[in-house]
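What follows is a short report on a single structure.
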Amino acid sequence: MLERLSTASRVHEEVLENGLRVLIQEMHTAPLASVWCWYRVGSKDEATGQTGVSHWVEHMNFKGTTNIPRDKVKGIIEQFGGYWNGYTWIDQTAYTETATRDALDRMLFIEAERMANCLYDPADCESERTVIISELQGGENDPDMLLDQELTATAFKAHPYRNPTIGWLSDLQTMTRDDLYGYYRRFYVPDNATLVIVGDVDTKDAMRRASHHFGGIRPGAVARRPLTREPEQFGERRLTLSREGTTAYFKLGYHAPAAGDPDFFPMLVLDAVLTGAKGLNLWASFRTPPPQRSARLYRALVDAGLASSVTGGLVPTSEPFLYTISVTATDGTPLARLEEAACAELDRVRLRGVTEAERHKAARQLRARLVFENDSISNIAHQLGYFETIGSWRICETLRDRIDAVTLEQVAAAAFERLKPLNRTVAWFDPLPVGAGGDVPAGTGAGAGPVSTGHRGTRAQRHK
Amino acid sequence: MTIATHHRGLAPVRAVLGNGAVVIAKESETTPAVTVHASFGAGTVFDPPNQAGLSHFVSRTIDRGTETRPADRIAEELDSRGVSLSISVNRHAMFLVCTCLIEDLVSILDLMADIVMHPTFPENEVETKRGEIVTLIRQDEDNPAALAAEGLLTELYGAAHPYGRRPRGSVESVEAIDRAALLRFHGERFSPGSLSLVMVGDIEPARAIDAAGSAFGSWAAATPPAFELPEVAPALSRRVRVIPMMNKAQTDIAYGFTSVRRSDPGYYAYWLMNNILGQYAMGGRLGDSIRERQGMAYYVFSALDANVIPGPLTIRAGVSPANVDRAVASIDEELQKLAAEGPTESEMTESMQYLIGSMPRTLETNLGIALFLQTEEFFGLGLDYDLRVPDLLRAVTRDDVNAAARRTLVPSQATVVIAGPYSGEVR
């Protein structure tokens, strides 16, 4: 019945007949199990008029199923001391539970129900519409997030990565229950999903349970997805947000390599040299600030007193996304001065590359982050599933080698090609004095980071 | 001799160095790394009344130069090992926290010891950091959630009380803090007697404690005198304050009371009450009402901060401006119901199961264990506290929770702060 693909590595991989990929890794350090169910669907799959549907569907998938009545959802995993959450981003939607190991069967049951039997009660769809609009408006209170959204929408003119994952307000106001349900039925099929189990489990037993819960779910064919490629950018783009506020923000966005492109890892090293190593775990690495006190942009902007913070963002994605540099101006620093200083530093690295000492330090930082971010079964399971949704989970096993293999020449070439002014979008948030009356009404969208269902920890899970 | 392996708990090793520093070590083999969590009795409550923000200012500058290491060298020693040293303050303590690879532990402890023993607060670094702090304060002033939360504490405790002051101070108070003030605060608050150092990771406790002894053992400085914190009488009437921020999209509500001390025998009833009210699953009863049934908010929850004196019990929600009145009324209603009827039997069972059952998850990561041990040490809960938690919770009855709710969750004595694009007159 089952096609066996691999038993060689520490990760056990099997694909059920209905196409569900199952990844199991035993870890017996704590009496816990973590289950993640991943779908290859995110905001890049959304059509005009339906932006935000992936994320709204994610919310609806916590509202009861045929065999989990609405009033039994609360507490279904908490009884086992468990934690659950979900998040949606541009390439993927993920659901997770982590609880004591005796809850494994319960967790698999929940995920199988979520895949096949969610209810989409019309009243629940309506109630969730306003919850999501509240989520959007909460994000809009943060000028940095607003600017991130504007930057992304400007940097992409064709590719659906341009849309915020939470969606545009008018789409959230007008989508119907049938839009949601149709989207759910199309993408929530076993052959579009990966089930990951990590923890204090027995592989054979976990595999048997996974087959039991998921084996009977019928496969479906996910129809053609958008195939738009972003055309090459032939000139710098600029935008300025003029809204009331107290603080000025500045961002640069460069079209970046996808995770599978040859210059992704050189860019990762470059980012570590510029702003400190963040690691590669979207779920974990934003809890801990990067080691960046000796990073080039930190010295040029923060040590120089021009900025109170600088962060670099390069996240593994399935198609080319953005490398973003985000800067908060110190009180009174003109944005033009900040831009000049940042661009001078970027021009320098573009023309002269980085030093061997810098490459060495960046690689060491990235290797350390790989160790630090694998500190829990939940984080380990996240990485397997995340990489599977943008390529293959096997990338996880090669991260260290790929980081070590990056040469000075590759970093220099990536810097020269990627950081050219023609490839960038410059975004300013230049605050109007509070009370002056901004001319932009509230309610235009929300940030470009992943959005998740539970409020706890959400701030940390959003990537900036 | 019998060893009940699954019941032995964390069993950390605690040592007191000759100079009074407390060192706690726990071995964990999850990753070849160690989390170092140092706590000093140097939080915001120790800010002099006219220097609000001093402790926070010290936290941003203490690692910017020592007698033998300029800022650049500290930066290089940290970054070259991939180590990010986070320094933060809460009301009572300042924390220096980092995770490093095992092979770097000795060097990192040596560096941390130098930072806390011999900081020089160079003038140029102080000025740069002052600019960053002023920017942080200005960002807070544009953040409805921050203003609502800080505003609630000011209303509950008074602007002059250490719990009521803004932890980062004001632009004016920060402008007035000079290098001499930073040095003085350091001299008064940092000593081995005010240090509690927790290390969790893939290293034998004896070796970790030895390494800490080498780094901190020679430090001689007088322990700061005991500190008396005035208690605040609970509010007897309802107070509502609106902070209009018409440039924002969403309104943040902070609604609360003073609660109990952490040492209060009733603490465990409050813990359960808070879980039932605003934590369990998606925000407890408040989440059921305001998010699930009424679809009004993406986030709503309650948080309990039982502390050295009775800390705040806070309810927080972010809602559309049109829903503020209805959200506040719904909070009132849920509190009244819990006070009048108490929790149900099944709520008691569920929350107890959850809080007890979630212990292994709380204690899964090195950082999770370190935070737990640091709290254990701060409140003097004992090294076997993780083993005692289940019985402490199971001893709480429905009547206990009901009594706690009746005592504290009184809407007519609530303090409410609303920040955002709201111009109504909620009462």
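So you can find residues: chains in the structure tokens are A, B, ... in the order shown, residues in each start at 1, and ligands are numbered from 1 in order.
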Polymer residues at most 12 Å from region 167-177 of chain A, only C-alpha atoms, same-chain spacing of 6 or more positions, as a CSV table (one decimal) with C-alpha atoms, in the first residue's frame:
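Generated output (selection03.csv):
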```csv
chain,number,residue,atom,x,y,z
A,42,GLY,CA,-0.5,30.9,0.3
A,43,SER,CA,-1.3,34.4,-0.8
A,44,LYS,CA,0.6,33.9,-4.1
A,46,GLU,CA,-4.9,34.1,-4.8
A,47,ALA,CA,-6.8,35.8,-7.7
A,48,THR,CA,-7.7,39.4,-7.9
A,49,GLY,CA,-10.8,40.0,-5.8
A,50,GLN,CA,-9.9,37.2,-3.5
A,51,THR,CA,-6.8,38.5,-1.7
A,52,GLY,CA,-6.7,37.2,1.8
A,53,VAL,CA,-8.6,34.1,1.1
A,54,SER,CA,-5.8,31.7,2.1
A,55,HIS,CA,-5.6,33.3,5.5
A,56,TRP,CA,-9.3,33.5,6.0
A,57,VAL,CA,-9.6,29.8,5.1
A,60,MET,CA,-12.2,28.9,9.2
A,88,THR,CA,-0.4,31.7,6.4
A,89,TRP,CA,2.2,33.3,4.3
A,90,ILE,CA,3.0,33.8,0.6
A,119,LEU,CA,-17.9,23.0,8.2
A,120,TYR,CA,-17.8,26.6,7.0
A,121,ASP,CA,-20.9,27.6,8.8
A,122,PRO,CA,-22.2,30.8,7.2
A,123,ALA,CA,-22.6,32.6,10.5
A,124,ASP,CA,-19.0,31.6,11.5
A,125,CYS,CA,-17.7,33.0,8.1
A,126,GLU,CA,-19.4,36.3,8.8
A,127,SER,CA,-18.1,36.5,12.4
A,128,GLU,CA,-14.6,35.7,11.3
A,129,ARG,CA,-14.8,38.4,8.6
A,130,THR,CA,-14.8,41.1,11.3
A,131,VAL,CA,-12.1,39.3,13.4
A,132,ILE,CA,-9.8,39.4,10.3
A,133,ILE,CA,-10.6,43.0,9.6
A,134,SER,CA,-9.7,43.7,13.2
A,135,GLU,CA,-6.4,41.9,12.6
A,136,LEU,CA,-5.8,44.0,9.6
A,137,GLN,CA,-6.5,47.2,11.4
A,139,GLY,CA,-1.4,45.8,11.9
A,140,GLU,CA,-2.1,49.2,10.4
A,149,GLN,CA,3.2,46.5,2.7
A,150,GLU,CA,3.6,49.5,0.4
A,153,ALA,CA,3.2,46.3,-3.5
A,160,PRO,CA,1.1,37.9,-6.7
A,161,TYR,CA,3.8,38.3,-4.0
A,183,TYR,CA,-10.8,27.6,-2.1
A,184,TYR,CA,-10.7,25.2,0.8
A,441,PRO,CA,-8.1,56.9,5.3
A,442,ALA,CA,-7.5,53.9,7.5
A,443,GLY,CA,-8.1,50.4,6.3
A,444,THR,CA,-6.0,49.8,3.2
A,445,GLY,CA,-4.4,46.5,4.0
A,446,ALA,CA,-1.8,45.1,6.4
A,447,GLY,CA,1.8,44.0,6.6
A,448,ALA,CA,3.6,41.6,4.3
A,449,GLY,CA,4.6,39.2,7.1
A,450,PRO,CA,3.0,35.8,7.8
A,451,VAL,CA,-0.2,36.1,9.8
```
Excluding Val410 (chain B) and its own-chain neighbours fewer than 6 positions away, which residues fall within 9 Å of it when counting only C-alpha atoms? Please give them as number ranges by chain.
B: 257, 332, 335-336, 339
Go ahead and save the picked residues with C-alpha atoms, as an mmCIF file, in the first residue's frame.
```cif
data_model
loop_
_atom_site.group_PDB
_atom_site.id
_atom_site.type_symbol
_atom_site.label_atom_id
_atom_site.label_comp_id
_atom_site.auth_asym_id
_atom_site.auth_seq_id
_atom_site.Cartn_x
_atom_site.Cartn_y
_atom_site.Cartn_z
ATOM 1 C CA PHE B 257 -7.228 45.900 38.700
ATOM 2 C CA ASP B 332 -17.974 43.892 32.372
ATOM 3 C CA LEU B 335 -16.398 39.571 35.002
ATOM 4 C CA GLN B 336 -19.771 39.922 36.699
ATOM 5 C CA ALA B 339 -17.782 36.761 40.235
#
```
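Considering the residues B:Ala145, B:Val242, B:Ile418, B:Val58 and counting only C-alpha atoms, Ser88 (chain B) has its shortest atom-to-atom contact with B:Val58.
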Which of B:Arg291, B:Arg407, B:Arg238, B:Arg285 sits closest to chain A [using only C-alpha atoms]:
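Under the stated criterion, the closest residue is B:Arg291.
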Chain A residues near chain B (7 Å cut-off, only C-alpha atoms) as a PyMOL selection string
chain A and resi 29-30+74-75+78-82+127-128+130-132+134-135+137-138+140-141+244-247+289-294+303+305+308+330-331+361+364-365+368+371+375-376+442-443+454-455
From region 275-439 of chain A, collect each residue whose DSSP state is strand (DSSP E) and return the set as an mmCIF file with C-alpha atoms, in the first residue's frame.
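After the write, result-v8.cif holds the following:
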```
data_model
loop_
_atom_site.group_PDB
_atom_site.id
_atom_site.type_symbol
_atom_site.label_atom_id
_atom_site.label_comp_id
_atom_site.auth_asym_id
_atom_site.auth_seq_id
_atom_site.Cartn_x
_atom_site.Cartn_y
_atom_site.Cartn_z
ATOM 1 C CA ALA A 307 19.097 55.068 13.226
ATOM 2 C CA SER A 308 17.747 53.353 16.312
ATOM 3 C CA SER A 309 17.510 50.005 14.538
ATOM 4 C CA VAL A 310 18.379 48.265 11.299
ATOM 5 C CA THR A 311 17.240 44.822 10.225
ATOM 6 C CA GLY A 312 17.753 42.780 7.107
ATOM 7 C CA GLY A 313 15.156 40.346 5.830
ATOM 8 C CA LEU A 322 12.583 40.506 -1.666
ATOM 9 C CA TYR A 323 15.675 41.263 0.330
ATOM 10 C CA THR A 324 14.503 44.056 2.605
ATOM 11 C CA ILE A 325 16.535 46.421 4.741
ATOM 12 C CA SER A 326 14.408 48.216 7.345
ATOM 13 C CA VAL A 327 15.643 51.215 9.281
ATOM 14 C CA THR A 328 14.104 53.314 12.036
ATOM 15 C CA ALA A 329 15.418 56.881 12.001
ATOM 16 C CA ARG A 424 15.692 48.490 -5.719
ATOM 17 C CA THR A 425 12.610 50.111 -4.309
ATOM 18 C CA VAL A 426 13.095 52.924 -1.815
ATOM 19 C CA ALA A 427 10.326 53.524 0.712
ATOM 20 C CA TRP A 428 9.966 56.406 3.162
ATOM 21 C CA PHE A 429 7.550 56.856 6.008
#
```
Residues near Ala52 (chain B), anyone? I mean within 12 Å using only C-alpha atoms, not counting same-chain ones fewer than 6 positions away, as a ChimeraX atom specification.
/B:43-46,58,159-177,181
What's the separation between CA of Leu109 (chain B) and CA of Asn90 (chain B), in Å to one decimal place?
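Interatomic distance here is 22.4 Å.
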Could you name the residues that touch Lys157 (chain A) at 12 Å or less, counting only C-alpha atoms, but leaving out those on the same chain fewer than 3 positions away, as number ranges by chain?
A: 150-154, 160-163, 228-233, 237, 255, 425
Would you mind listing what lies within 10 Å of Thr407 (chain A) as a list in words, with only C-alpha atoms counted and same-chain residues fewer than 3 positions away left out?
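Neighbouring residues, sequence-local ones excluded: Phe265, Pro266, Val269, Glu356, Arg359, His360, Ile403, Asp404, Gln410, Val411, Ala412 and Ala413 of chain A.
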